[in-house]
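A short worksheet on the structure shown next.
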Amino acid sequence: MTTLNPRTPAKLFAGTGLMLAAGSALADYTWNFPKPVTPIGRDTLSMHNQFMVIITVLFVVVFAIMVYSMIKHRKSNGAAPARFSGPAGALQWFWVLVPFGILLFIDFVLMGIPAFHAVIDMEDTRTKADMVLKVTGLQWKWKYEYPDSGIQFVSTLATPREQIEGKEAKGEHYLLEVDNEVVLPVGKKVRILLTSTDVIHTWWVPQFGVKRDAIPGFLRETWVRIEEPGVYRGQCAELCGKDHGFMPVVVRAVPEAEYAAWVDKKKAEMAAAAAGGEKTWTKDELIAAGKAAYEKNCAACHQPEGQGLPPAFPALAGSKIVNGPLLSPEGKLIPDSHVDRVMNGKTGTAMQAFKATLSDADIAAIITYERNSFGNTKGDMIQPAQIKALR
Amino acid sequence: MAITTIEAEGVHEWHARPNCSLTPFARRVLIGGVIFISLIVSGGFLLAGAWLVLPFAGLELAALFIALRILDRRDQSSETVRLEGNRLSIVSHLPGNHIHQDFTVGWARLSLEADNGPDPLICIRSHGRCCRVGHLMTPEQRSQFYADLSSRLRS
Amino acid sequence: MNTATHTLDHHDGHGQHPTGLLRWLTTTNHKDIGTMYLTFSLLMFFVGGAMILAVRAELFQPGLQLMKPEFFNQLIGVHALVMIFAALMPAATGFANWMIPLMIGAPDMALPRLNNWGFWLLPPAAMLLTMPFVLALFGIGDGAVATGWTLYAPLSVQGGIGVDFAIFSIHILGISSIMGSINIIATILNMRAPGMTLMKMPLFCWGWLVTAVLLIITLPVLAGGVTMLLTDRHFDTHFFNAAGGGDPILFQHLFWFFGHPEVYILLLPVWGLMPHVLSTFTRKPIYGHTAQVWSFIAIGVLGLIVWAHHFLTAGLPVPALLYFMYSTMSISLPLAVLFFCWIATMWRGAMSFETPMLFAVGFIVLFGIAGLTGLVLADVAADAQYHHSYFVVAHFHYALFAGGIMGVMTGVYYWLPKWTGHMYSEKLGKLHFWLTVISFNFTFMPQFFLGLAGMPRRIPDYALQFAEFNAISTVGAFALGLSQLIFAYNVWRCVKGGEKASDKVWEGTSGLEWELSSPPPHHSWDIQPVIKTP
């Protein structure tokens with residue numbers, strides 16, 4: 001017997017310290033859900049942690065028995081095989097049935113009861129809801145509407161293509177940044193209504209603990225009550241076509257006063273945009289504004305140089321539709337014309353009805369830009385006021 | 001494929017029939033069960049608006065039914081070769097083909113003939129008549145039967 | 001089990017068999033057809049594997065390096081369809097063709113010609129599925145189906161010609177599976193040796209019987225679903241279009257009513273095979289034969305009534321959510337019976353760890369992870385977080401690679417000496433096992449954490465916080481893929497020659513199939529064996 005070396009505890013501490021240091025070196029690796037900020041998110045995380053402990057215990061106990069048997073009952077150890085092929089006698093039957101009793105308890109009591117309450121809580125979207133946010137999935141962006149204040153806007157990926165293609169260094173929030181963030185007040189129960197205009201999308205912010213499909217033609221709902229101010233990022237989670245990986249969700253949660261200020265600011269912006277629809281633009285103004293709007297809304301499919309990705313996404317350069325007549329002589333919409341396509345889309349394809357998401361000024365600018373770029377030289381233009389009349 | 005031989009006084013009989021472990025009761029349970037479940041499933045989807053499931057389920061049940069019919073007909077078949085005195089009688093019940101022929105022992109000739117498959121059948125000929133047996137025997141059983149019968153015919 | 005017969009010698013001498021290609025085109029011999037199924041499966045396993053390695057290469061680093069998102073989407077969907085329908089299912093059918101007649105003492109399958117057609121439908125179906133890739137190279141269409149294997153409407157209504165090709169391919173694969181199922185049901189029910197009652201029948205046959213019945217019940221639903229998709233695409237019907245009175249979620253119900261039992265269709269033959277392997281290498285009888293039979297049946301029945309847990313985030317009503325949650329959890333009971341019986345079979349045996357046993361043990365442990373994570377996934381509220389994320393990807397690869405593919409490999413190593421008459425290289429087999437298990441966990445364990453951290457599945461590019469685990473996963477995937485070349489080489493070597501295998505092959509085998517010579521004669525069971533009651 002040797003006496004305990006007095007320095008052993010010190011070594012132990014040093015060892016633990018090393019392990020901790022190694023742990024902090026692993027800070028880039030996240031091993032669990034991101035920090036939840038809603039009641040549902042917290043509930044989900046604690047349930048998840050509890051279940052992980054349960055299944056880890058099950059795993060360890062069951063396979064410890066198996067590993068023990070594998071070590072002990074080896075032929076090379078001289079084990080002689082037993083001949084039993086089932087439980088014999090009441091006592092053995094009892095011990096055989098015990099694990100299944102435990103499993104029943106785990107399934108329907110230990111896991112089943114908290115799961116039941118969580119489901120009821122998660123689906124209760126209506127009790128004491130403070131406000132409504134309507135989310136519409138479109139290929140490949142999100143449209144947000146605040147029915148209370150009439151605010152609506154479209155939120156698209158803000159990461160430049162150069163970063164995606166590796167021509168520039170990637171930013172901190174690569175692929176998780178948008179041009180228009182959703183702003184929500186902290187501490188309010190927000191009932192979120194979801195739908196889609198084309199295919200199924202799924203709205204997901206991991207820190208909220210909610211994920212719900214946006215289904216075309218139907219309304220689904222969920223709710224959040226964000227407890228801490230901050231910016232929360234998520235993504236579309238249902239394969240929705242080409243740019244499924246490029247339609248992030250960014251929510252900024254702010255205190256109520258700040259939220260009210262944001263609502264006022266947003267309303268003023270919308271009024272200004274509406275005014276933009278009233279004034280008469282010059283062709284150069286339209287083309288300049290159109291280029292910016294095109295790159296944001298159209299270039300993902302039709303490509304920055306208008307060459308498209310045929311056959312799914314036709315080229316605009318030299319396109320019959322783009323180079324066709326603008327409007328009928330009476331100033332009416334021609335079916336399947338350029339203006340019709342941009343405003344009303346084409347059913348059954350990824351070409352959506354942009355009149356639902358873009359302002360009159362944007363539509364007019366895009367149409368004018370397309371007719372005068374990529375080698376298209378129509379030379380004509382359309383005014384936002386004309387688009388407004390066609391709506 | 002099971003062969004039973006019956007040996008009585010002056011009589012020797014070979015009776016071949018296919019091995020079949022599916023009892024008529026089990027067959028009814030199978031068909032009834034599959035039809036019942038398929039009807040519930042496709043009926044449910046019909047109510048949900050997906051009526052196209054029903055014709056596919058019907059097609060498939062028809063295929064299953066035909067397969068079981070084929071098996072059933074095969075299971076009903078039998079071949080009996082009976083040697084009594086100097087009379088050799090052959091009774092064979094095969095799907096779509098029922099034969100009863102009698103031969104006189106002294107005139108019957110045996111040969112192995114393969115007409116459309118790799119496995120030869122036993123052919124019994126006499127006076128221009130020909131009768132094939134061995135459909136329900138495995139090649140091993142057939143050659144054993146051939147040897148057995150020809151030795152008995154010779155003796 | 002006692003039989004009244006003894007082993008027979010080779011019996012290839014009856015008449016002439018066609019040789020060369022014609023032999024394989026026209027064969028009705030269950031062993032030839034089994035061999036063709038298994039060869040086809042191995043080939044498609046590498047095709048599907050190559051596709052996913054391209055995907056993993058793209059995911060090695062954030063950013064788009066190798067391919068466009070459209071092509072990425074095509075690869076993931078076709079990878080899944082190829083692996084499920086052209087690799088795993090044919091492998092199990094190959095096992096069934098080879099082993100069921102040998103195990104039940106039948107000279108061949110009940111409907112040999114149907115058997116031949118069933119196989120020869122597969123290559124055209126696989127070609128249809130992959131042809132759009134080639135057509136796109138010539139500027140026809142925009143490539144293969146890009147909707148994932150789930151073909152969810154309306155994305156698939158919007159898709160290009162790849163979707164049509166996939167629909168027709170699925171129809172042909174379905175016809176092939178139906179033919180195989182009918183044949184297997186007929187064989188198992190009608191051609192068992194006298195004395196082999198249903199409850200004495202080997203568990204592998206039981207696993208397949210339940211599989212075949214599940215296929216018969218669920219395939220019309222898939223066939224109906226994809227046909228409705230086809231008519232929605234081309235004939236102006238509105239089954240899945242809300243504007244025409246339809247419902248996109250109806251497609252998900254149709255798909256998963258087939259899709260969930262499909263998981264058990266892939267796994268039941270493997271579960272049936274496991275007890276045989278465990279009993280052989282523990283030199284001890286199977287524990288709980290009857291309990292396992294009833295578990296198979298219970299899993300089959302439960303498998304038919306839990307489908308909607310695949311779309312719990314689609315906004316189902318609360319009672320439906322609760323029903324699907326609890327019914328899904330209850331599957332853990334029959335599965336636990338299987339685990340219990342496997343471990344009880346090992347308990348107090350005399351174990352040795354040849355390659356099949358190693359794979360069996362690896363299967364049990366890794367499939368255990370799949371089962372336990374499946375239990376957690378059933379919980380609706382937590383599922384909201386796991387669903388559509390890499391957590392699910394990891395979960396079903398633990399079920400279908402560790403459960404399905406490794407189960408198939410167990411069977412191949414176990415039966416290969418019986419089929420070829422030669423022993424495979426034990427050294428290479430063990431190397432293959434360890435490389436597979438280690439690289440498999442390197443590939444898929446990080447994906448659990450990616451899912452928890454919030455990485456959605458089916459995205460070609462991802463945020464920077466997911467980079468480390470994705471890099472590890474990609475390295476693991478390439479190691480996993482390359483390790484399978486050892487398997488292919490080992491099989492090839494064993495077919496070509498090697499140490500002679502005895503009739504029993506392994507010390508602890510029991511059952512009719514081990515009483516035939518190795519390899520078995522072209523016509524096995526020329527004399528009907530009889531099972532005596534002990």
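Convention: chains lettered A, B, ... in structure tokens order; per-chain residue numbering from 1; ligands numbered from 1 as shown.
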Write out as an mmCIF file with N, CA and C atoms, in the first residue's frame which residues come within 8 Å of Phe257 of chain C when counting only C-alpha atoms, dropping same-chain ones fewer than 3 positions away.
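Listing of out-v4.cif after writing:
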```cif
data_model
loop_
_atom_site.group_PDB
_atom_site.id
_atom_site.type_symbol
_atom_site.label_atom_id
_atom_site.label_comp_id
_atom_site.auth_asym_id
_atom_site.auth_seq_id
_atom_site.Cartn_x
_atom_site.Cartn_y
_atom_site.Cartn_z
ATOM 1 N N THR C 218 -49.610 -1.737 -49.228
ATOM 2 C CA THR C 218 -49.263 -0.316 -49.347
ATOM 3 C C THR C 218 -48.935 0.126 -50.769
ATOM 4 N N VAL C 221 -51.310 2.272 -52.814
ATOM 5 C CA VAL C 221 -51.458 3.649 -52.347
ATOM 6 C C VAL C 221 -50.396 4.526 -53.002
ATOM 7 N N LEU C 222 -49.157 4.028 -53.041
ATOM 8 C CA LEU C 222 -48.093 4.789 -53.713
ATOM 9 C C LEU C 222 -48.406 4.920 -55.199
ATOM 10 N N HIS C 253 -50.097 12.264 -47.141
ATOM 11 C CA HIS C 253 -50.762 11.101 -46.558
ATOM 12 C C HIS C 253 -50.561 9.870 -47.444
ATOM 13 N N LEU C 254 -50.773 10.057 -48.754
ATOM 14 C CA LEU C 254 -50.628 8.926 -49.668
ATOM 15 C C LEU C 254 -49.193 8.409 -49.645
ATOM 16 N N HIS C 260 -43.987 4.874 -44.663
ATOM 17 C CA HIS C 260 -43.580 4.358 -43.362
ATOM 18 C C HIS C 260 -43.485 2.840 -43.337
ATOM 19 N N PRO C 261 -44.518 2.115 -43.821
ATOM 20 C CA PRO C 261 -44.336 0.658 -43.911
ATOM 21 C C PRO C 261 -43.103 0.284 -44.732
ATOM 22 N N LEU C 304 -48.639 0.291 -40.254
ATOM 23 C CA LEU C 304 -49.677 0.783 -41.163
ATOM 24 C C LEU C 304 -50.468 1.956 -40.589
ATOM 25 N N ILE C 305 -50.328 2.206 -39.301
ATOM 26 C CA ILE C 305 -51.233 3.204 -38.702
ATOM 27 C C ILE C 305 -50.499 4.377 -38.066
ATOM 28 N N TRP C 307 -48.396 6.619 -40.080
ATOM 29 C CA TRP C 307 -47.690 7.300 -41.151
ATOM 30 C C TRP C 307 -47.514 8.804 -40.944
ATOM 31 N N ALA C 308 -48.498 9.456 -40.298
ATOM 32 C CA ALA C 308 -48.452 10.924 -40.292
ATOM 33 C C ALA C 308 -47.359 11.486 -39.389
#
```
Neighbour list for Lys430 of chain C as a PyMOL selection string, cut-off 8 Å, only C-alpha atoms, skip fewer than 6 positions in-chain: chain C and resi 354-355+358
Go ahead and dump the residues you just picked, C-alpha atoms, as a PDB file, in the first residue's frame.
```pdb
ATOM      1  CA  GLU C 354     -16.544 -14.202 -37.335  1.00  0.00           C
ATOM      2  CA  THR C 355     -17.425 -11.381 -39.758  1.00  0.00           C
ATOM      3  CA  LEU C 358     -19.405  -8.797 -35.968  1.00  0.00           C
TER       4      LEU C 358
END
```
Please extract the residues of segment 30-89 of chain B with a backbone DSSP assignment of strand (DSSP E or B) and present them as a short mmCIF file (atom, residue, chain, number, x, y, z; two decimals) with all heavy atoms, in the first residue's frame.
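selection_9.cif, freshly written:
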```
data_model
loop_
_atom_site.label_atom_id
_atom_site.label_comp_id
_atom_site.auth_asym_id
_atom_site.auth_seq_id
_atom_site.Cartn_x
_atom_site.Cartn_y
_atom_site.Cartn_z
N SER B 78 -52.73 -34.47 -60.30
CA SER B 78 -52.13 -35.71 -59.78
C SER B 78 -51.82 -36.62 -60.97
O SER B 78 -52.36 -36.45 -62.07
CB SER B 78 -53.10 -36.40 -58.83
OG SER B 78 -54.18 -36.90 -59.57
N GLU B 79 -50.91 -37.51 -60.76
CA GLU B 79 -50.58 -38.51 -61.77
C GLU B 79 -50.57 -39.87 -61.07
O GLU B 79 -49.88 -40.03 -60.07
CB GLU B 79 -49.20 -38.26 -62.36
CG GLU B 79 -49.16 -37.10 -63.34
CD GLU B 79 -47.76 -36.87 -63.90
OE1 GLU B 79 -46.80 -36.93 -63.12
OE2 GLU B 79 -47.64 -36.67 -65.10
N THR B 80 -51.33 -40.81 -61.63
CA THR B 80 -51.36 -42.14 -61.05
C THR B 80 -50.96 -43.16 -62.11
O THR B 80 -51.50 -43.16 -63.22
CB THR B 80 -52.76 -42.49 -60.52
OG1 THR B 80 -53.24 -41.36 -59.79
CG2 THR B 80 -52.73 -43.71 -59.63
N VAL B 81 -50.00 -43.96 -61.80
CA VAL B 81 -49.61 -45.05 -62.69
C VAL B 81 -49.91 -46.36 -61.95
O VAL B 81 -49.43 -46.55 -60.83
CB VAL B 81 -48.12 -44.97 -63.05
CG1 VAL B 81 -47.72 -46.14 -63.93
CG2 VAL B 81 -47.81 -43.64 -63.72
N ARG B 82 -50.73 -47.21 -62.57
CA ARG B 82 -51.18 -48.42 -61.86
C ARG B 82 -50.82 -49.63 -62.70
O ARG B 82 -51.13 -49.71 -63.89
CB ARG B 82 -52.70 -48.32 -61.66
CG ARG B 82 -53.29 -49.39 -60.79
CD ARG B 82 -54.79 -49.11 -60.70
NE ARG B 82 -55.49 -50.27 -60.15
CZ ARG B 82 -55.68 -50.46 -58.84
NH1 ARG B 82 -55.22 -49.58 -57.98
NH2 ARG B 82 -56.32 -51.54 -58.41
N LEU B 83 -50.14 -50.55 -62.09
CA LEU B 83 -49.69 -51.77 -62.78
C LEU B 83 -50.44 -52.94 -62.13
O LEU B 83 -50.25 -53.25 -60.95
CB LEU B 83 -48.18 -51.92 -62.59
CG LEU B 83 -47.47 -53.01 -63.38
CD1 LEU B 83 -47.63 -52.80 -64.87
CD2 LEU B 83 -46.00 -53.03 -62.99
N GLU B 84 -51.35 -53.50 -62.94
CA GLU B 84 -52.16 -54.58 -62.39
C GLU B 84 -52.19 -55.70 -63.40
O GLU B 84 -52.71 -55.52 -64.51
CB GLU B 84 -53.57 -54.07 -62.09
CG GLU B 84 -54.40 -55.07 -61.33
CD GLU B 84 -55.75 -54.49 -60.94
OE1 GLU B 84 -56.08 -53.38 -61.41
OE2 GLU B 84 -56.47 -55.14 -60.16
N ARG B 87 -51.91 -55.14 -67.20
CA ARG B 87 -52.48 -53.87 -67.62
C ARG B 87 -51.79 -52.71 -66.91
O ARG B 87 -51.58 -52.74 -65.69
CB ARG B 87 -53.97 -53.83 -67.31
CG ARG B 87 -54.72 -52.86 -68.20
CD ARG B 87 -56.16 -52.83 -67.85
NE ARG B 87 -56.31 -52.33 -66.48
CZ ARG B 87 -57.48 -52.05 -65.94
NH1 ARG B 87 -58.59 -52.24 -66.62
NH2 ARG B 87 -57.57 -51.61 -64.71
N LEU B 88 -51.37 -51.76 -67.73
CA LEU B 88 -50.70 -50.56 -67.16
C LEU B 88 -51.63 -49.38 -67.42
O LEU B 88 -51.86 -49.02 -68.57
CB LEU B 88 -49.36 -50.34 -67.86
CG LEU B 88 -48.59 -49.09 -67.47
CD1 LEU B 88 -48.10 -49.18 -66.04
CD2 LEU B 88 -47.40 -48.90 -68.41
N SER B 89 -52.22 -48.80 -66.36
CA SER B 89 -53.14 -47.70 -66.62
C SER B 89 -52.57 -46.40 -66.04
O SER B 89 -51.95 -46.40 -64.98
CB SER B 89 -54.52 -48.00 -66.05
OG SER B 89 -54.42 -48.18 -64.66
#
```
Find the residues near Phe145 of chain B: any atom within 12 Å, counting only C-alpha atoms, skip ones fewer than 6 places away on the same chain, and give them as number ranges by chain. B: 3-5, 13-16, 80-81, 110, 112, 121-122, 133-134, 136-139, 151-153
Keeping only N, CA, C and O atoms, take the residues you just selected and write them out as a PDB file, in the first residue's frame.
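What landed in result-v8.pdb:
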```pdb
ATOM      1  N   ILE B   3     -44.485 -38.563 -53.792  1.00  0.00           N
ATOM      2  CA  ILE B   3     -44.900 -39.795 -54.478  1.00  0.00           C
ATOM      3  C   ILE B   3     -45.283 -40.809 -53.412  1.00  0.00           C
ATOM      4  O   ILE B   3     -44.529 -41.030 -52.465  1.00  0.00           O
ATOM      5  N   THR B   4     -46.445 -41.367 -53.558  1.00  0.00           N
ATOM      6  CA  THR B   4     -46.777 -42.471 -52.658  1.00  0.00           C
ATOM      7  C   THR B   4     -46.920 -43.729 -53.498  1.00  0.00           C
ATOM      8  O   THR B   4     -47.430 -43.687 -54.625  1.00  0.00           O
ATOM      9  N   THR B   5     -46.421 -44.806 -53.000  1.00  0.00           N
ATOM     10  CA  THR B   5     -46.564 -46.068 -53.733  1.00  0.00           C
ATOM     11  C   THR B   5     -47.462 -46.982 -52.931  1.00  0.00           C
ATOM     12  O   THR B   5     -47.376 -47.043 -51.706  1.00  0.00           O
ATOM     13  N   GLU B  13     -48.993 -49.379 -57.483  1.00  0.00           N
ATOM     14  CA  GLU B  13     -49.493 -48.071 -57.909  1.00  0.00           C
ATOM     15  C   GLU B  13     -48.553 -46.959 -57.433  1.00  0.00           C
ATOM     16  O   GLU B  13     -48.113 -46.954 -56.289  1.00  0.00           O
ATOM     17  N   TRP B  14     -48.228 -46.062 -58.373  1.00  0.00           N
ATOM     18  CA  TRP B  14     -47.460 -44.867 -58.014  1.00  0.00           C
ATOM     19  C   TRP B  14     -48.416 -43.677 -58.091  1.00  0.00           C
ATOM     20  O   TRP B  14     -49.127 -43.501 -59.093  1.00  0.00           O
ATOM     21  N   HIS B  15     -48.428 -42.873 -57.055  1.00  0.00           N
ATOM     22  CA  HIS B  15     -49.336 -41.732 -57.062  1.00  0.00           C
ATOM     23  C   HIS B  15     -48.503 -40.478 -56.772  1.00  0.00           C
ATOM     24  O   HIS B  15     -47.910 -40.357 -55.705  1.00  0.00           O
ATOM     25  N   ALA B  16     -48.438 -39.608 -57.758  1.00  0.00           N
ATOM     26  CA  ALA B  16     -47.622 -38.401 -57.574  1.00  0.00           C
ATOM     27  C   ALA B  16     -48.527 -37.189 -57.497  1.00  0.00           C
ATOM     28  O   ALA B  16     -49.450 -37.039 -58.296  1.00  0.00           O
ATOM     29  N   THR B  80     -51.331 -40.809 -61.632  1.00  0.00           N
ATOM     30  CA  THR B  80     -51.356 -42.143 -61.045  1.00  0.00           C
ATOM     31  C   THR B  80     -50.958 -43.164 -62.109  1.00  0.00           C
ATOM     32  O   THR B  80     -51.504 -43.162 -63.216  1.00  0.00           O
ATOM     33  N   VAL B  81     -50.004 -43.963 -61.797  1.00  0.00           N
ATOM     34  CA  VAL B  81     -49.606 -45.053 -62.691  1.00  0.00           C
ATOM     35  C   VAL B  81     -49.911 -46.355 -61.947  1.00  0.00           C
ATOM     36  O   VAL B  81     -49.430 -46.552 -60.825  1.00  0.00           O
ATOM     37  N   LEU B 110     -40.928 -47.791 -72.906  1.00  0.00           N
ATOM     38  CA  LEU B 110     -40.608 -46.596 -72.114  1.00  0.00           C
ATOM     39  C   LEU B 110     -39.445 -45.834 -72.722  1.00  0.00           C
ATOM     40  O   LEU B 110     -38.519 -46.433 -73.244  1.00  0.00           O
ATOM     41  N   LEU B 112     -37.214 -41.779 -72.240  1.00  0.00           N
ATOM     42  CA  LEU B 112     -37.139 -40.445 -71.614  1.00  0.00           C
ATOM     43  C   LEU B 112     -37.115 -39.423 -72.731  1.00  0.00           C
ATOM     44  O   LEU B 112     -36.290 -39.477 -73.626  1.00  0.00           O
ATOM     45  N   LEU B 121     -39.317 -36.013 -69.738  1.00  0.00           N
ATOM     46  CA  LEU B 121     -40.455 -36.713 -69.144  1.00  0.00           C
ATOM     47  C   LEU B 121     -40.377 -38.180 -69.541  1.00  0.00           C
ATOM     48  O   LEU B 121     -39.679 -38.556 -70.490  1.00  0.00           O
ATOM     49  N   ILE B 122     -41.134 -38.989 -68.839  1.00  0.00           N
ATOM     50  CA  ILE B 122     -41.167 -40.407 -69.189  1.00  0.00           C
ATOM     51  C   ILE B 122     -42.302 -40.603 -70.177  1.00  0.00           C
ATOM     52  O   ILE B 122     -43.439 -40.182 -69.937  1.00  0.00           O
ATOM     53  N   VAL B 133     -45.703 -39.056 -68.614  1.00  0.00           N
ATOM     54  CA  VAL B 133     -45.910 -38.880 -67.175  1.00  0.00           C
ATOM     55  C   VAL B 133     -44.642 -38.307 -66.548  1.00  0.00           C
ATOM     56  O   VAL B 133     -43.573 -38.329 -67.160  1.00  0.00           O
ATOM     57  N   GLY B 134     -44.783 -37.824 -65.350  1.00  0.00           N
ATOM     58  CA  GLY B 134     -43.611 -37.300 -64.629  1.00  0.00           C
ATOM     59  C   GLY B 134     -43.648 -35.800 -64.447  1.00  0.00           C
ATOM     60  O   GLY B 134     -42.714 -35.209 -63.945  1.00  0.00           O
ATOM     61  N   LEU B 136     -45.215 -34.157 -62.349  1.00  0.00           N
ATOM     62  CA  LEU B 136     -45.266 -33.760 -60.942  1.00  0.00           C
ATOM     63  C   LEU B 136     -44.118 -34.358 -60.141  1.00  0.00           C
ATOM     64  O   LEU B 136     -44.163 -34.398 -58.923  1.00  0.00           O
ATOM     65  N   MET B 137     -43.111 -34.880 -60.879  1.00  0.00           N
ATOM     66  CA  MET B 137     -41.979 -35.447 -60.155  1.00  0.00           C
ATOM     67  C   MET B 137     -40.767 -34.558 -60.359  1.00  0.00           C
ATOM     68  O   MET B 137     -40.628 -33.902 -61.378  1.00  0.00           O
ATOM     69  N   THR B 138     -39.898 -34.571 -59.367  1.00  0.00           N
ATOM     70  CA  THR B 138     -38.627 -33.875 -59.537  1.00  0.00           C
ATOM     71  C   THR B 138     -37.739 -34.759 -60.410  1.00  0.00           C
ATOM     72  O   THR B 138     -38.000 -35.955 -60.539  1.00  0.00           O
ATOM     73  N   PRO B 139     -36.717 -34.208 -61.038  1.00  0.00           N
ATOM     74  CA  PRO B 139     -35.848 -35.011 -61.908  1.00  0.00           C
ATOM     75  C   PRO B 139     -35.338 -36.275 -61.201  1.00  0.00           C
ATOM     76  O   PRO B 139     -35.301 -37.358 -61.797  1.00  0.00           O
ATOM     77  N   SER B 151     -37.967 -51.774 -64.760  1.00  0.00           N
ATOM     78  CA  SER B 151     -37.584 -53.095 -64.269  1.00  0.00           C
ATOM     79  C   SER B 151     -38.828 -53.954 -64.024  1.00  0.00           C
ATOM     80  O   SER B 151     -38.848 -55.136 -64.277  1.00  0.00           O
ATOM     81  N   ARG B 152     -39.896 -53.325 -63.551  1.00  0.00           N
ATOM     82  CA  ARG B 152     -41.115 -54.090 -63.316  1.00  0.00           C
ATOM     83  C   ARG B 152     -41.765 -54.532 -64.620  1.00  0.00           C
ATOM     84  O   ARG B 152     -42.383 -55.601 -64.698  1.00  0.00           O
ATOM     85  N   LEU B 153     -41.663 -53.688 -65.660  1.00  0.00           N
ATOM     86  CA  LEU B 153     -42.257 -54.060 -66.943  1.00  0.00           C
ATOM     87  C   LEU B 153     -41.502 -55.231 -67.558  1.00  0.00           C
ATOM     88  O   LEU B 153     -42.083 -56.071 -68.223  1.00  0.00           O
TER      89      LEU B 153
END
```
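You can rank B:Pro95, B:Gln144, B:Gln76, B:Ile31 by their closest distance to Glu60 of chain B using only C-alpha atoms, and at the top of that list sits B:Ile31.
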12 Å contact set for segment 42-50 of chain B, only C-alpha atoms, chain neighbours under 3 positions out, as number ranges by chain: B: 34-39, 53-58; C: 217-229, 237-240, 245-255, 257
Please, what distance in Å, to one decimal, runs between atom CA of Ala125 of chain C and atom CA of Ile161 of chain C?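 Between atom CA of Ala125 of chain C and atom CA of Ile161 of chain C the gap works out to 15.3 Å.
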Counting only C-alpha atoms, which of B:Val41, B:Ile6, B:Val11, B:Ala108 gets nearest to chain C? B:Val41
Go through segment 91-333 of chain A and collect every residue that DSSP, computed from the backbone, puts in alpha helix (DSSP H); the answer should be as an MDAnalysis selection string. chainID A and resid 91:105 112:123 161:164 256:278 283:297 299:302
Calculate how many Å separate atom CA of Phe84 of chain A from atom CA of Tyr68 of chain A, rounding to one decimal. 18.6 Å
What does the structure give for the distance between atom CA of Pro18 of chain B and atom CA of Arg109 of chain B, in Å to one decimal? 26.1 Å
From the options A:Ala356, A:Ile363, A:Ile192, A:Ala288, which residue's atoms come nearest to Ala385 of chain A, counting only C-alpha atoms? A:Ile363
Considering only C-alpha atoms, state which residue in the set B:His135, B:His100, B:Leu71, B:Asn86 is at the smallest distance from Leu22 of chain B.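 Smallest distance to Leu22 of chain B is found for B:Leu71.
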Exercise: Pro229 of chain A partners within 8 Å, only C-alpha atoms, chain neighbours under 5 positions left out, as a VMD selection string: chain A and resid 186 252 to 255
At most 10 Å is the cut-off: for each residue in segment 155-253 of chain A with any atom that close to an atom of segment 456-470 of chain C, write down the nearest atom pair and the distance in Å rounded to one decimal, counting only C-alpha atoms, chain first then increasing number, as CSV.
```
residue,atom,partner,partner_atom,distance
A:Ile164,CA,C:Asp461,CA,8.1
A:Lys170,CA,C:Leu464,CA,8.2
A:Gly171,CA,C:Leu464,CA,8.7
A:Glu172,CA,C:Leu464,CA,7.4
A:His173,CA,C:Ala463,CA,7.0
A:Tyr174,CA,C:Ala463,CA,5.5
A:Leu175,CA,C:Ala463,CA,5.6
A:Leu176,CA,C:Ala463,CA,6.7
A:Glu177,CA,C:Ala463,CA,10.0
A:Trp204,CA,C:Pro456,CA,9.1
A:Gly234,CA,C:Pro456,CA,9.2
A:Gln235,CA,C:Pro456,CA,7.3
A:Cys236,CA,C:Pro456,CA,7.6
A:Ala237,CA,C:Pro456,CA,5.3
A:Glu238,CA,C:Pro456,CA,8.0
A:Leu239,CA,C:Arg458,CA,6.4
A:Cys240,CA,C:Arg458,CA,9.6
A:Gly241,CA,C:Arg458,CA,10.0
A:Lys242,CA,C:Pro460,CA,9.5
A:Asp243,CA,C:Ile459,CA,8.5
A:His244,CA,C:Ile459,CA,6.5
A:Gly245,CA,C:Ile459,CA,4.5
A:Phe246,CA,C:Asp461,CA,8.1
```
Can you pull out the residues contacting Ala275 of chain A? Cut-off 12 Å, using only C-alpha atoms, and skip same-chain residues under 5 positions away; I want them as a list in words. Ala268, Glu269, Met270, Thr280, Trp281, Ser359, Asp360, Ala361, Pro384, Ala385 and Lys388 of chain A
9 Å contact set for Tyr326 of chain C, only C-alpha atoms, chain neighbours under 6 positions out, as a ChimeraX atom specification: /A:107-108,112 /C:378-379
